[in-house]
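**Student:** Questions regarding the structure given below will be posed in turn.
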Amino acid sequence: MATTKYKFEGWMGLDKHSADGKMVWKEFEPKKWEETDVDIKITHCGICGSDMHTLRSGWGPTPYPCCVGHEIVGTAVRVGSKVEGIRVGDRVGVGAQCDSCQGRNGPCEECASGMENYCGNHFVSTYGNAHLNGDISQGGYALYNRSPSHFIVKIPDGIPSAEAAPMLCAGITTYSPLKHNGCGPGKRVGVVGLGGLGHFAVLWAKALGADKVVAISRKASKKTDALSLGADEYIATDDDPKWAQRNSRSLDIIISTVSSSKMPIGDYLSLLRKDGVLCQVGNPEDGVLQVPAPALIMRRIKLEGSLIGSPSEIREMLQLASDKKVKPRIEVRSMKDANQAIVDMDNGKARYRYVLVNEQHL
C-alpha cells in the first residue's frame with residue numbers, strides 16, 4: 001500500500017474529561033486505504049454540539065481515543081482509482097456520516113432509495129464508529145481526514161469554505177426536515193432554539209419561501225439576531241407567561257433544536273394548527289421527552305424526528321445556499337485553540353457556530 005507524505009494528526013479525546021478543554025494533539029491511525037476513499041487536507045471544521053456529547057460519552061461510551069469534528073471542508077489530496085466525480089485539488093466536504101452499508105451486507109431499502117442517512121445495517125458516523133473493515137472513524141479536528149467518497153461532496157464555488165463547513169451538519173440537520181415537510185409558500189414555520197442549528201432553520205425557512213418564520217427562545221436577548229436572520233416574529237418564552245395561549249394554532253411546522261428533556265413540549269405542540277408537525281432534531285442525553293397525548297390527538301398533530309441528510313440532500317442544500325446566498329453566522333477560531341473553543345461553545349458563547357481553521361492549509 002502506498003504511503004502518504006503527510007501525517008494524520010489532530011486533537012484527540014482520551015477520556016470524558018476531554019470535553020473540559022483537555023483534548024491532546026497527537027498522531028492517529030486513519031481507516032485503511034481503499035480505492036473508494038478520498039483524503040482531505042482540512043482547511044475548516046465546524047464545532048458541533050455532537051462533538052461535546054461524544055467527548056464526554058453523553059450518548060453512550062465513546063471509543064477513546066477519538067478525534068471529533070464532522071463539519072469538514074478542505075482539498076482532496078488523494079483520490080482512489082474507483083472514485084467518480086472527485087479529482088485531486090477539488091474543494092470538498094464531509095458531514096456527520098461517512099459511510100453506510102450501501103448493500104454490501106445484503107439488501108438495504110434505505111441505501112437503495114438514496115436515504116443512506118437512515119441505513120439500519122451499518123451506519124458509520126464520521127468519528128467514533130467502526131467502518132465495514134473494522135477500523136474506527138476519526139473526525140475533523142485534525143490536519144487530514146480519510147473518508148469513503150460516496151459521502152464526500154464538492155463545495156459550490158459561491159460558498160466560502162468557512163461558511164460551508166457548518167452546513168454539513170447543522171445546516172443539513174435543519175434543511176432536511178423542512179424540505180421533507182413541505183416548507184415553502186403557504187407554510188408558517190416555528191424554530192425552537194436559536195443556536196447553531198436553530199439559526200440555520202430560520203435561514204432555510206426563509207430561503208424556501210415560507211410565509212412566516214417565528215423564532216422561539218427563552219430570553220429576549222437573541223431577538224435582534226433572529227429578526228436580522230429573517231425571522232418575522234420572535235417569542236421570548238420567559239418574558240410572557242401567556243406565550244403559548246397567545247400563539248395557539250398559529251404554525252404548520254415546528255423545528256425543535258433544543259437538546260433538553262425538560263423543554264415544555266406540550267406548549268410547543270399547542271402552537272400547531274390541525275395536521276401540523278413538530279420535528280425534533282435536538283437529542284437529549286437522557287433520550288426522554290414527556291409528550292402529552294391529547295396535544296397530538298386533538299389536532300391530528302404529528303411528532304417526528306429527523307437525522308442529518310443524505311449525500312444527495314446535502315448537494316441540494318448547498319446549491320440552494322449558493323443560489324439564495326444563504327449566509328450563516330459563524331466565528332472562525334484557530335485549530336490550535338480548539339480546546340478553548342469547545343469550552344466557549346459549551347458555555348453558549350458561539351454566535352452562532354464556531355469554525356476551526358487550519359491556517360497552514362489555506
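Labels for the C-alpha cells follow display order: chains A, B, ..., residues from 1 in each chain, ligands from 1.
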Could you give me, as a list in words, the residues within 10 Å of A:Asn129, counting only C-alpha atoms and dropping anything in the same chain fewer than 5 positions from it?
**Tutor:** Thr62, Pro63, Cys66, Gln97, Cys98, Asp99, His122, Phe123, Val124, Gly134, Asp135, Ile136, Ser137 and Gln138 of chain A
**Student:** Which residues are near A:Ser113? Cut-off 12 Å, only C-alpha atoms, ignore same chain within fewer than 6 positions. Put them as a list in words.
**Tutor:**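 Listed by chain and then number, they are Gln102, Gly103, Pro107, Cys119, Ser310, Pro311 and Ser312 of chain A.
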**Student:** Those residues you just picked out, can you put them in a file as a PDB file, in the first residue's frame with C-alpha atoms?
**Tutor:**
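out-v3.pdb, freshly written:
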```
ATOM      1  CA  GLN A 102     -24.713   0.532   0.507  1.00  0.00           C
ATOM      2  CA  GLY A 103     -25.996  -3.002   0.075  1.00  0.00           C
ATOM      3  CA  PRO A 107     -30.375  -5.656   0.699  1.00  0.00           C
ATOM      4  CA  CYS A 119     -29.261   2.937   6.922  1.00  0.00           C
ATOM      5  CA  SER A 310     -28.309  12.014   2.565  1.00  0.00           C
ATOM      6  CA  PRO A 311     -25.450  12.998   0.248  1.00  0.00           C
ATOM      7  CA  SER A 312     -27.971  13.994  -2.428  1.00  0.00           C
TER       8      SER A 312
END
```
**Student:** Skipping near chain neighbours, those fewer than 2 positions away, what residues fall within 9 Å of A:Val77 using only C-alpha atoms, listed as a list of chain:residue names?
**Tutor:**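 Once the adjacent positions are removed, what remains is A:Val38, A:Asp39, A:Ile40, A:Lys41, A:Thr75, A:Val79, A:Arg87, A:Val88, A:Gly89, A:Asp90.
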**Student:** Output the selection as a CSV table (one decimal), in the first residue's frame - C-alpha atoms for each residue.
**Tutor:**
```csv
chain,number,residue,atom,x,y,z
A,38,VAL,CA,-10.5,10.3,-0.5
A,39,ASP,CA,-8.0,12.0,1.7
A,40,ILE,CA,-8.9,15.6,2.6
A,41,LYS,CA,-6.4,18.3,3.6
A,75,THR,CA,-8.9,20.0,-0.5
A,79,VAL,CA,-8.4,10.1,-4.6
A,87,ARG,CA,-10.3,14.9,-8.5
A,88,VAL,CA,-7.2,15.9,-6.6
A,89,GLY,CA,-7.4,19.6,-6.0
A,90,ASP,CA,-11.2,19.8,-5.7
```
**Student:** As a list in words, please: the residues near A:Leu318 (cut-off 9 Å, only C-alpha atoms, same-chain neighbours under 2 positions excluded).
**Tutor:**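 That gives Ile155, Pro156, Ile159, Ala164, Met167, Leu168, Glu313, Ile314, Arg315, Glu316, Leu320, Ala321, Ser322 and Asp323 of chain A.
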**Student:** Write out, as an mmCIF file, in the first residue's frame, the residues just selected, with N, CA, C and O atoms.
**Tutor:**
```
data_model
loop_
_atom_site.group_PDB
_atom_site.id
_atom_site.type_symbol
_atom_site.label_atom_id
_atom_site.label_comp_id
_atom_site.auth_asym_id
_atom_site.auth_seq_id
_atom_site.Cartn_x
_atom_site.Cartn_y
_atom_site.Cartn_z
ATOM 1 N N ILE A 155 -17.907 21.343 -2.936
ATOM 2 C CA ILE A 155 -18.447 22.591 -2.414
ATOM 3 C C ILE A 155 -18.610 23.576 -3.575
ATOM 4 O O ILE A 155 -17.644 23.856 -4.301
ATOM 5 N N PRO A 156 -19.814 24.114 -3.773
ATOM 6 C CA PRO A 156 -20.015 25.081 -4.863
ATOM 7 C C PRO A 156 -19.108 26.301 -4.714
ATOM 8 O O PRO A 156 -18.807 26.740 -3.593
ATOM 9 N N ILE A 159 -19.801 29.457 -2.253
ATOM 10 C CA ILE A 159 -19.873 29.356 -0.793
ATOM 11 C C ILE A 159 -18.466 29.315 -0.220
ATOM 12 O O ILE A 159 -17.704 28.377 -0.494
ATOM 13 N N ALA A 164 -19.375 26.977 4.461
ATOM 14 C CA ALA A 164 -19.848 25.664 4.012
ATOM 15 C C ALA A 164 -19.734 24.625 5.112
ATOM 16 O O ALA A 164 -20.584 23.740 5.235
ATOM 17 N N MET A 167 -22.679 23.935 7.403
ATOM 18 C CA MET A 167 -23.834 23.457 6.641
ATOM 19 C C MET A 167 -23.868 21.935 6.579
ATOM 20 O O MET A 167 -24.940 21.334 6.416
ATOM 21 N N LEU A 168 -22.700 21.296 6.749
ATOM 22 C CA LEU A 168 -22.613 19.854 6.545
ATOM 23 C C LEU A 168 -23.190 19.038 7.698
ATOM 24 O O LEU A 168 -23.371 17.833 7.569
ATOM 25 N N GLU A 313 -29.206 15.059 -0.620
ATOM 26 C CA GLU A 313 -29.837 16.205 0.045
ATOM 27 C C GLU A 313 -28.816 17.283 0.376
ATOM 28 O O GLU A 313 -29.105 18.478 0.284
ATOM 29 N N ILE A 314 -27.624 16.865 0.792
ATOM 30 C CA ILE A 314 -26.582 17.839 1.103
ATOM 31 C C ILE A 314 -26.224 18.641 -0.146
ATOM 32 O O ILE A 314 -26.073 19.866 -0.100
ATOM 33 N N ARG A 315 -26.095 17.967 -1.276
ATOM 34 C CA ARG A 315 -25.785 18.681 -2.524
ATOM 35 C C ARG A 315 -26.904 19.654 -2.877
ATOM 36 O O ARG A 315 -26.645 20.790 -3.309
ATOM 37 N N GLU A 316 -28.139 19.218 -2.710
ATOM 38 C CA GLU A 316 -29.295 20.075 -2.982
ATOM 39 C C GLU A 316 -29.288 21.308 -2.077
ATOM 40 O O GLU A 316 -29.527 22.438 -2.523
ATOM 41 N N LEU A 320 -28.904 25.339 -3.006
ATOM 42 C CA LEU A 320 -29.838 26.370 -2.546
ATOM 43 C C LEU A 320 -29.081 27.498 -1.858
ATOM 44 O O LEU A 320 -29.361 28.688 -2.099
ATOM 45 N N ALA A 321 -28.125 27.135 -1.010
ATOM 46 C CA ALA A 321 -27.336 28.153 -0.312
ATOM 47 C C ALA A 321 -26.593 29.043 -1.297
ATOM 48 O O ALA A 321 -26.507 30.262 -1.113
ATOM 49 N N SER A 322 -26.061 28.445 -2.348
ATOM 50 C CA SER A 322 -25.339 29.210 -3.361
ATOM 51 C C SER A 322 -26.292 30.107 -4.138
ATOM 52 O O SER A 322 -26.019 31.295 -4.356
ATOM 53 N N ASP A 323 -27.430 29.548 -4.539
ATOM 54 C CA ASP A 323 -28.390 30.302 -5.352
ATOM 55 C C ASP A 323 -29.008 31.458 -4.568
ATOM 56 O O ASP A 323 -29.198 32.555 -5.103
#
```
**Student:** Write out as a VMD selection string which residues come within 6 Å of stretch 269-286 of chain A when counting only C-alpha atoms, dropping same-chain ones fewer than 3 positions away.
**Tutor:** chain A and resid 58 to 59 247 to 261 266 299 to 306
**Student:** What's the 7 Å shell around stretch 193-208 of chain A, counting only C-alpha atoms, without same-chain residues fewer than 2 positions away, as a list in words?
**Tutor:**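 Near stretch 193-208 of chain A, the qualifying residues are Ala170, Gly171, Thr174, Tyr175, Cys183, Gly184, Val191, Ala210, Val213, Ile216, Ser217, Leu229, Gly230, Ala231, Ser256, Thr257, Val258, Lys324, Val326, Pro328, Tyr352 and Arg353 of chain A.
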**Student:** Can you pull out every residue within 12 Å of A:Glu331, counting only C-alpha atoms, but drop anything in the same chain fewer than 6 positions away, and send it as a list in words?
**Tutor:**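 The filter keeps His44, Cys45, Gly46, Ile47, Ala162, Glu163, Ala165, Pro166, Gly196, Ala341, Asp344, Met345, Lys349, Ala350, Arg351, Tyr352, Arg353, Tyr354, Val355, Leu356 and Val357 of chain A.
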**Student:** Include N, CA, C and O atoms and write out the residues we just selected as a PDB file, in the first residue's frame.
**Tutor:**
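And here is the file that came out, result-v5.pdb:
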```
ATOM      1  N   HIS A  44     -11.063  23.717   7.148  1.00  0.00           N
ATOM      2  CA  HIS A  44     -12.045  24.175   8.123  1.00  0.00           C
ATOM      3  C   HIS A  44     -12.833  22.995   8.695  1.00  0.00           C
ATOM      4  O   HIS A  44     -13.086  22.010   8.002  1.00  0.00           O
ATOM      5  N   CYS A  45     -13.220  23.140   9.963  1.00  0.00           N
ATOM      6  CA  CYS A  45     -14.100  22.147  10.589  1.00  0.00           C
ATOM      7  C   CYS A  45     -14.971  22.855  11.627  1.00  0.00           C
ATOM      8  O   CYS A  45     -14.446  23.501  12.541  1.00  0.00           O
ATOM      9  N   GLY A  46     -16.275  22.749  11.468  1.00  0.00           N
ATOM     10  CA  GLY A  46     -17.188  23.352  12.420  1.00  0.00           C
ATOM     11  C   GLY A  46     -17.207  22.592  13.741  1.00  0.00           C
ATOM     12  O   GLY A  46     -16.890  21.406  13.800  1.00  0.00           O
ATOM     13  N   ILE A  47     -17.565  23.299  14.815  1.00  0.00           N
ATOM     14  CA  ILE A  47     -17.729  22.686  16.130  1.00  0.00           C
ATOM     15  C   ILE A  47     -19.219  22.462  16.357  1.00  0.00           C
ATOM     16  O   ILE A  47     -20.012  23.401  16.325  1.00  0.00           O
ATOM     17  N   ALA A 162     -15.403  28.427   5.091  1.00  0.00           N
ATOM     18  CA  ALA A 162     -15.768  28.586   6.493  1.00  0.00           C
ATOM     19  C   ALA A 162     -17.269  28.566   6.688  1.00  0.00           C
ATOM     20  O   ALA A 162     -17.767  28.133   7.733  1.00  0.00           O
ATOM     21  N   GLU A 163     -18.013  29.030   5.690  1.00  0.00           N
ATOM     22  CA  GLU A 163     -19.475  29.017   5.771  1.00  0.00           C
ATOM     23  C   GLU A 163     -20.041  27.664   5.355  1.00  0.00           C
ATOM     24  O   GLU A 163     -21.085  27.235   5.864  1.00  0.00           O
ATOM     25  N   ALA A 165     -18.676  24.712   5.933  1.00  0.00           N
ATOM     26  CA  ALA A 165     -18.433  23.675   6.938  1.00  0.00           C
ATOM     27  C   ALA A 165     -19.641  23.417   7.832  1.00  0.00           C
ATOM     28  O   ALA A 165     -20.115  22.267   7.929  1.00  0.00           O
ATOM     29  N   PRO A 166     -20.210  24.415   8.522  1.00  0.00           N
ATOM     30  CA  PRO A 166     -21.330  24.119   9.411  1.00  0.00           C
ATOM     31  C   PRO A 166     -22.600  23.690   8.684  1.00  0.00           C
ATOM     32  O   PRO A 166     -23.508  23.132   9.311  1.00  0.00           O
ATOM     33  N   GLY A 196     -26.733  27.100  16.952  1.00  0.00           N
ATOM     34  CA  GLY A 196     -26.123  26.681  15.700  1.00  0.00           C
ATOM     35  C   GLY A 196     -27.131  26.080  14.736  1.00  0.00           C
ATOM     36  O   GLY A 196     -27.178  26.433  13.554  1.00  0.00           O
ATOM     37  N   ALA A 341     -12.000  26.752  22.353  1.00  0.00           N
ATOM     38  CA  ALA A 341     -13.199  26.937  21.540  1.00  0.00           C
ATOM     39  C   ALA A 341     -14.331  26.007  21.973  1.00  0.00           C
ATOM     40  O   ALA A 341     -15.493  26.420  22.028  1.00  0.00           O
ATOM     41  N   ASP A 344     -15.794  27.365  25.180  1.00  0.00           N
ATOM     42  CA  ASP A 344     -16.619  28.538  24.906  1.00  0.00           C
ATOM     43  C   ASP A 344     -17.954  28.127  24.282  1.00  0.00           C
ATOM     44  O   ASP A 344     -19.009  28.689  24.613  1.00  0.00           O
ATOM     45  N   MET A 345     -17.903  27.163  23.378  1.00  0.00           N
ATOM     46  CA  MET A 345     -19.133  26.700  22.752  1.00  0.00           C
ATOM     47  C   MET A 345     -20.064  26.059  23.767  1.00  0.00           C
ATOM     48  O   MET A 345     -21.273  26.324  23.800  1.00  0.00           O
ATOM     49  N   LYS A 349     -21.338  30.594  24.169  1.00  0.00           N
ATOM     50  CA  LYS A 349     -20.797  31.866  23.691  1.00  0.00           C
ATOM     51  C   LYS A 349     -20.799  32.000  22.171  1.00  0.00           C
ATOM     52  O   LYS A 349     -20.640  33.104  21.645  1.00  0.00           O
ATOM     53  N   ALA A 350     -20.971  30.898  21.446  1.00  0.00           N
ATOM     54  CA  ALA A 350     -20.899  30.956  19.983  1.00  0.00           C
ATOM     55  C   ALA A 350     -22.088  31.734  19.414  1.00  0.00           C
ATOM     56  O   ALA A 350     -23.221  31.543  19.840  1.00  0.00           O
ATOM     57  N   ARG A 351     -21.825  32.593  18.443  1.00  0.00           N
ATOM     58  CA  ARG A 351     -22.875  33.290  17.707  1.00  0.00           C
ATOM     59  C   ARG A 351     -22.585  33.165  16.220  1.00  0.00           C
ATOM     60  O   ARG A 351     -21.981  34.005  15.620  1.00  0.00           O
ATOM     61  N   TYR A 352     -23.060  32.134  15.528  1.00  0.00           N
ATOM     62  CA  TYR A 352     -23.833  31.047  16.134  1.00  0.00           C
ATOM     63  C   TYR A 352     -23.186  29.690  15.891  1.00  0.00           C
ATOM     64  O   TYR A 352     -23.697  28.680  16.281  1.00  0.00           O
ATOM     65  N   ARG A 353     -22.040  29.705  15.249  1.00  0.00           N
ATOM     66  CA  ARG A 353     -21.293  28.469  15.033  1.00  0.00           C
ATOM     67  C   ARG A 353     -19.812  28.806  15.008  1.00  0.00           C
ATOM     68  O   ARG A 353     -19.376  29.692  14.252  1.00  0.00           O
ATOM     69  N   TYR A 354     -19.034  28.102  15.823  1.00  0.00           N
ATOM     70  CA  TYR A 354     -17.585  28.215  15.733  1.00  0.00           C
ATOM     71  C   TYR A 354     -17.091  27.313  14.609  1.00  0.00           C
ATOM     72  O   TYR A 354     -17.560  26.177  14.446  1.00  0.00           O
ATOM     73  N   VAL A 355     -16.126  27.830  13.850  1.00  0.00           N
ATOM     74  CA  VAL A 355     -15.491  27.049  12.788  1.00  0.00           C
ATOM     75  C   VAL A 355     -13.988  27.114  12.992  1.00  0.00           C
ATOM     76  O   VAL A 355     -13.398  28.204  13.023  1.00  0.00           O
ATOM     77  N   LEU A 356     -13.377  25.947  13.158  1.00  0.00           N
ATOM     78  CA  LEU A 356     -11.927  25.870  13.319  1.00  0.00           C
ATOM     79  C   LEU A 356     -11.245  25.978  11.959  1.00  0.00           C
ATOM     80  O   LEU A 356     -11.736  25.429  10.963  1.00  0.00           O
ATOM     81  N   VAL A 357     -10.108  26.657  11.921  1.00  0.00           N
ATOM     82  CA  VAL A 357      -9.375  26.815  10.670  1.00  0.00           C
ATOM     83  C   VAL A 357      -7.931  26.373  10.853  1.00  0.00           C
ATOM     84  O   VAL A 357      -7.284  26.710  11.851  1.00  0.00           O
TER      85      VAL A 357
END
```
**Student:** Looking only at strand (DSSP E) from DSSP on the backbone, list the matching residues of stretch 70-246 of chain A as a PyMOL selection string.
**Tutor:** chain A and resi 72-79+91-94+97-99+124-125+144-148+152-154+188-192+212-217+233-236
**Student:** Atom CA of A:Trp11 and atom CA of A:Met23, how far apart in Å?
**Tutor:** 5.6 Å
**Student:** Could you pull out the helix (DSSP H, G or I) residues of stretch 92-236 of chain A, going by DSSP on the backbone, and write them as number ranges by chain?
**Tutor:** A: 109-112, 116-118, 149-151, 161-180, 196-207, 220-229
**Student:** When you count only C-alpha atoms, which of these residues is closest to A:Glu71: A:Val288, A:Ile330, A:Val153, A:Cys48?
**Tutor:**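 Smallest separation from A:Glu71 among the options: A:Cys48.
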